[in-house]
Amino acid sequence: MATIGSINQSLYTGVSGLQEVQTLLNTTSRNIVNAQTPGYVVKNEQAVSNAATGGVLAGPITRFINASLQQKARTNDADTAFAQARATALTQMDQLSGNPADGTSISAQINQLQTDFQELAANPQAAGNAENILNDANNLAQTFNEQTNAMLGLQRTANTNVVDDVAQVNADLQNIAELNKKVVAATANGQDPTDLEDQRDIAVDGLSKLMGVNAFIDNQGVLQVLSSDFKPLAGLYAETVTYNQVNNTVSVSGQQINNVNGDIGGNLQVLTGDTVKRLQNLSEVATKLTEGFQELTTSTIALNGTIQSPPPAATPDIAIPGTVTLITNAGNQYTATMAYRPPAVAGNAYQLVISSLTPVASPPAPSVAPAVTVPAYVAATNTGGLVIGTVDVTTNPPTFAGQQVQLTPTVAGQVPGDVEALTGYTTGLSVTAGATTPTASSVNNTMTLFTTMSGALPPFTGPFTPPYYSGTIELNPNISLRALAVGDQFAGTTPDSNGGAAAAAAAMLNNRQFAFTTTGIAGTATLGTASAGVTVGIGQDLANTNNSITGLTTAATQIQQAIAPQSEVNLDQQMSQLVVLQNAYSANARVVTTVNSMLDTLVNLVP
C-alpha cells in the first residue's frame with residue numbers, strides 16, 4: 001500500500017516535471033519567435049535529474065556555433081567588403097574613362113586628332129580643317145584634366161570612407177568590450193548569457209565587414225578580437241584604432257596593421273593603388289603625347305643662303321637672304337634678319353644669329369608686338385645679335401639645333417616672350433668649297449605643331465588668323481603647361497601652309513612607338529594603343545573584382561549552409577519539439593491530478 005511519503009514524492013516529481021516542461025516550452029517558443037531574427041543562434045535546453053530531491057530540473061540554456069566556420073564566414077565577409085569597395089570605385093573609373101565607340105575615351109580622341117591631321121594634310125588651305133584640330137585638341141586636353149580631377153575626387157571619397165570606418169571600428173570595439181563584461185557577469189551570477197553572446201557575435205560580424213579580424217573565446221568566456229595580423233583589438237577592454245592620413249596606414253596601439261582588408265582595406269586600395277595607377281597612366285600618356293609633338297621635324301624658320309664647308313675661322317658673318325617671321329611663346333610676331341656666324345676656330349658648326357628684330361602686328365589682337373632690344377650687331381667682327389642655334393655642315397643636309405632665347409623688352413614691364421627655335425629646315429641652303437649642295441630636308445617651313453609655353457596663352461578671340469592655339473593640357477602631377485598651335489605662321493610666303501607638318505603629326509599619332517613604364521601600359525606601343533590599354537585595363541580590373549564578389553557570395557552561402565544545421569532555428573524541429581513538450585506537460589499534469597486524487601482518497605479514509 002502506498003505511503004503518504006511516496007505519494008508526496010510522486011506529487012513533487014509531477015510538479016517538477018510541469019515546471020521543467022514549462023521552462024523548455026519557453027525556450028522552444030523563444031526559438032520559434034526569433035527564427036527570422038538576424039544573428040540569432042538557436043537555444044538548447046535539456047531536462048536534468050535532481051538527485052538531491054528527486055524529480056527533474058531544466059538544465060542551463062546553451063547555444064552552439066562552429067567557431068571554425070564562423071571565422072571563415074567573417075574572413076569571407078571581409079574579403080567581400082574589400083572587393084565591393086573597389087568595385088564601387090572601379091565602376092566610376094570605368095564610366096569616367098569613356099567609351100571608344102562613342103568617341104569619349106582618350107584613345108578615341110587621339111584617333112580623332114590623327115584623322116583631323118590627315119584631313120589637314122590632304123587640304124592644307126582649308127581653315128575648317130585647322131579649326132577641327134583646335135577643337136579636338138582642346139577636347140583631348142579637357143578630357144585629360146577631367147579624368148585627372150575625377151581620380152583625385154575618388155581619392156578624397158576613399159579617404160573620407162576610411163576616416164568614417166575607423167570611427168565605427170572604435171565604436172564597435174567599445175561595444176564588444178562592454179558585451180564581454182556583461183557575458184562574464186551573467187555567467188558568474190547563474191543568468192542566461194546567450195542573448196548577450198548573440199549580440200556580441202553580431203558586433204564582431206559587423207566589425208569584420210570594416211576590417212579583417214580573428215576572434216576566439218578564452219577560458220573565461222571572453223571573446224578576444226584580434227586584427228588580421230593578430231594584434232589585440234578588444235577583450236574586456238577595447239584598444240583604439242587610428243588612421244594616418246599622411247601615409248595612409250591604420251594602426252592599433254602604435255603598431256601598423258598589415259593586410260587590413262574589409263571596407264577599410266578596399267578604400268585604401270582605391271586611394272593608394274587603383275587611382276594612383278590611373279593617374280600615373282594619364283600622366284605618362286599625356287607626357288608621351290607632348291613629347292611626340294615636341295619631337296616632330298617642324299620649324300618657325302627657314303635656313304637658306306650660301307655657306308662654306310668646313311666653316312672658315314674668324315671670317316665675317318654671312319648674311320641670310322630675306323627675312324623670316326619669328327613667333328614667341330607669348331604670341332608676339334617679329335620680322336627677323338639673320339646670319340650664319342663661323343666658329344672662332346676651325347670647326348664644323350655655324351651659329352645661327354638674329355641680327356635684328358622688328359615688331360609686327362600679332363594676331364588675333366591687332367596690336368603691335370612689344371619692341372625688343374637686340375645686342376648691337378656687327379657682322380665684320382662677329383659680335384652682337386642673338387644666337388638661337390647652330391648648323392652642323394658635316395651632315396647632308398646640314399643639321400640645325402635650336403635653343404630657347406628670352407627676348408629683352410625695350411620698355412620695362414612688357415612681355416615679348418621667348419623665341420623657341422625647335423628645328424630649322426635647310427631648304428635653299430647651299431655649300432661652297434666643292435661640297436655637294438644639300439638637298440632640302442623638307443619643303444614645309446610653315447608650322448609649329450607643339451611648342452612649350454612659359455607663360456599664359458594668348459587669347460583666341462578671332463578672326464580665324466594664325467597662329468591658332470588650343471586649350472592647355474595641365475595634368476596633375478607632372479605635366480607642364482603646353483599649347484598646341486596650328487596654322488600658317490608664314491602666311492603668304494609659301495603655297496604649302498600646313499600640309500607637310502600635318503602629315504607628320506598624323507603619322508606620329510598613328511605609327512610612332514613610345515616606351516611606356518607605368519603599371520598597366522608598360523612596354524612599347526602607339527599613343528592610341530597605350531591609352532586604349534588603360535581603358536581596357538580598368539574594365540578588366542572591374543570584371544575581375546565583380547567575379548571575385550560572385551565567388552565570395554557563393555562561398556558565403558556554402559558556409560552559412562554548413563553553419564545552419566546546428567546554429568540556425570529549424571522551424572520543423574522546433575514545432576515537433578513543441579508538440580512533444582506539450583504532450584509531456586499534459587502527462588505531468590495528469591500525474592499531478594492523479595496523485596492529488598490519491599491524496600484526497602487517503603485523507604478521506606482516515607477516521
# chains A, B, ... in the order shown; residues from 1 in each chain; ligands from 1
call {"tool": "residues_around", "arguments": {"residues": "Tyr237 of chain A", "least_positions_apart": "5", "cutoff": "9 Å", "atoms": "only C-alpha atoms", "output": "list in words"}}
result
Leu173, Gln174, Ile176, Ala177, Glu178, Asn180 and Lys181 of chain A
call {"tool": "residues_around", "arguments": {"residues": "Gly266 of chain A", "least_positions_apart": "3", "cutoff": "6 Å", "atoms": "only C-alpha atoms", "output": "list in words"}}
result
Phe82, Ala85, Arg86, Asp263 and Gln269 of chain A
call {"tool": "select_by_dssp", "arguments": {"residues": "segment 125-296 of chain A", "states": "strand (DSSP E)", "output": "list of chain:residue names"}}
result
A:Val213, A:Asn214, A:Ala215, A:Phe216, A:Ile217, A:Leu223, A:Gln224, A:Val225, A:Leu226, A:Ser227, A:Pro232, A:Leu233, A:Ala234, A:Val241, A:Thr242, A:Tyr243, A:Asn244, A:Thr249, A:Val250, A:Ser251, A:Val252, A:Gln255, A:Gln256
call {"tool": "atom_distance", "arguments": {"atom1": "atom CA of Gln566 of chain A", "atom2": "atom CA of Pro60 of chain A"}}
result
17.3 Å
call {"tool": "closest_residue", "arguments": {"among": "A:Met211, A:Leu113, A:Ala188, A:Ala376", "to": "Leu509 of chain A", "atoms": "only C-alpha atoms"}}
result
A:Leu113
call {"tool": "atom_distance", "arguments": {"atom1": "atom CA of Thr553 of chain A", "atom2": "atom CA of Thr194 of chain A"}}
result
28.4 Å
call {"tool": "atom_distance", "arguments": {"atom1": "atom CA of Thr535 of chain A", "atom2": "atom CA of Thr275 of chain A"}}
result
12.9 Å
call {"tool": "closest_residue", "arguments": {"among": "A:Val534, A:Leu196, A:Ile264, A:Val183", "to": "Leu236 of chain A", "atoms": "only C-alpha atoms"}}
result
A:Val183
call {"tool": "residues_around", "arguments": {"residues": "Thr519 of chain A", "least_positions_apart": "6", "cutoff": "10 Å", "atoms": "only C-alpha atoms", "output": "PDB file with N, CA, C and O atoms, in the first residue's frame"}}
result
ATOM      1  N   LYS A 277      47.461  54.347 -59.882  1.00  0.00           N
ATOM      2  CA  LYS A 277      47.823  53.704 -61.146  1.00  0.00           C
ATOM      3  C   LYS A 277      47.213  54.459 -62.326  1.00  0.00           C
ATOM      4  O   LYS A 277      47.892  54.733 -63.327  1.00  0.00           O
ATOM      5  N   ARG A 278      45.948  54.824 -62.204  1.00  0.00           N
ATOM      6  CA  ARG A 278      45.271  55.547 -63.277  1.00  0.00           C
ATOM      7  C   ARG A 278      45.893  56.924 -63.487  1.00  0.00           C
ATOM      8  O   ARG A 278      46.087  57.363 -64.630  1.00  0.00           O
ATOM      9  N   GLN A 280      48.950  57.810 -62.840  1.00  0.00           N
ATOM     10  CA  GLN A 280      50.254  57.603 -63.474  1.00  0.00           C
ATOM     11  C   GLN A 280      50.090  57.301 -64.959  1.00  0.00           C
ATOM     12  O   GLN A 280      50.867  57.790 -65.790  1.00  0.00           O
ATOM     13  N   ASN A 281      49.082  56.489 -65.297  1.00  0.00           N
ATOM     14  CA  ASN A 281      48.828  56.190 -66.704  1.00  0.00           C
ATOM     15  C   ASN A 281      48.462  57.451 -67.481  1.00  0.00           C
ATOM     16  O   ASN A 281      48.982  57.700 -68.577  1.00  0.00           O
ATOM     17  N   VAL A 534      44.805  51.358 -71.243  1.00  0.00           N
ATOM     18  CA  VAL A 534      44.433  51.857 -69.918  1.00  0.00           C
ATOM     19  C   VAL A 534      42.942  51.659 -69.691  1.00  0.00           C
ATOM     20  O   VAL A 534      42.496  51.183 -68.642  1.00  0.00           O
TER      21      VAL A 534
END
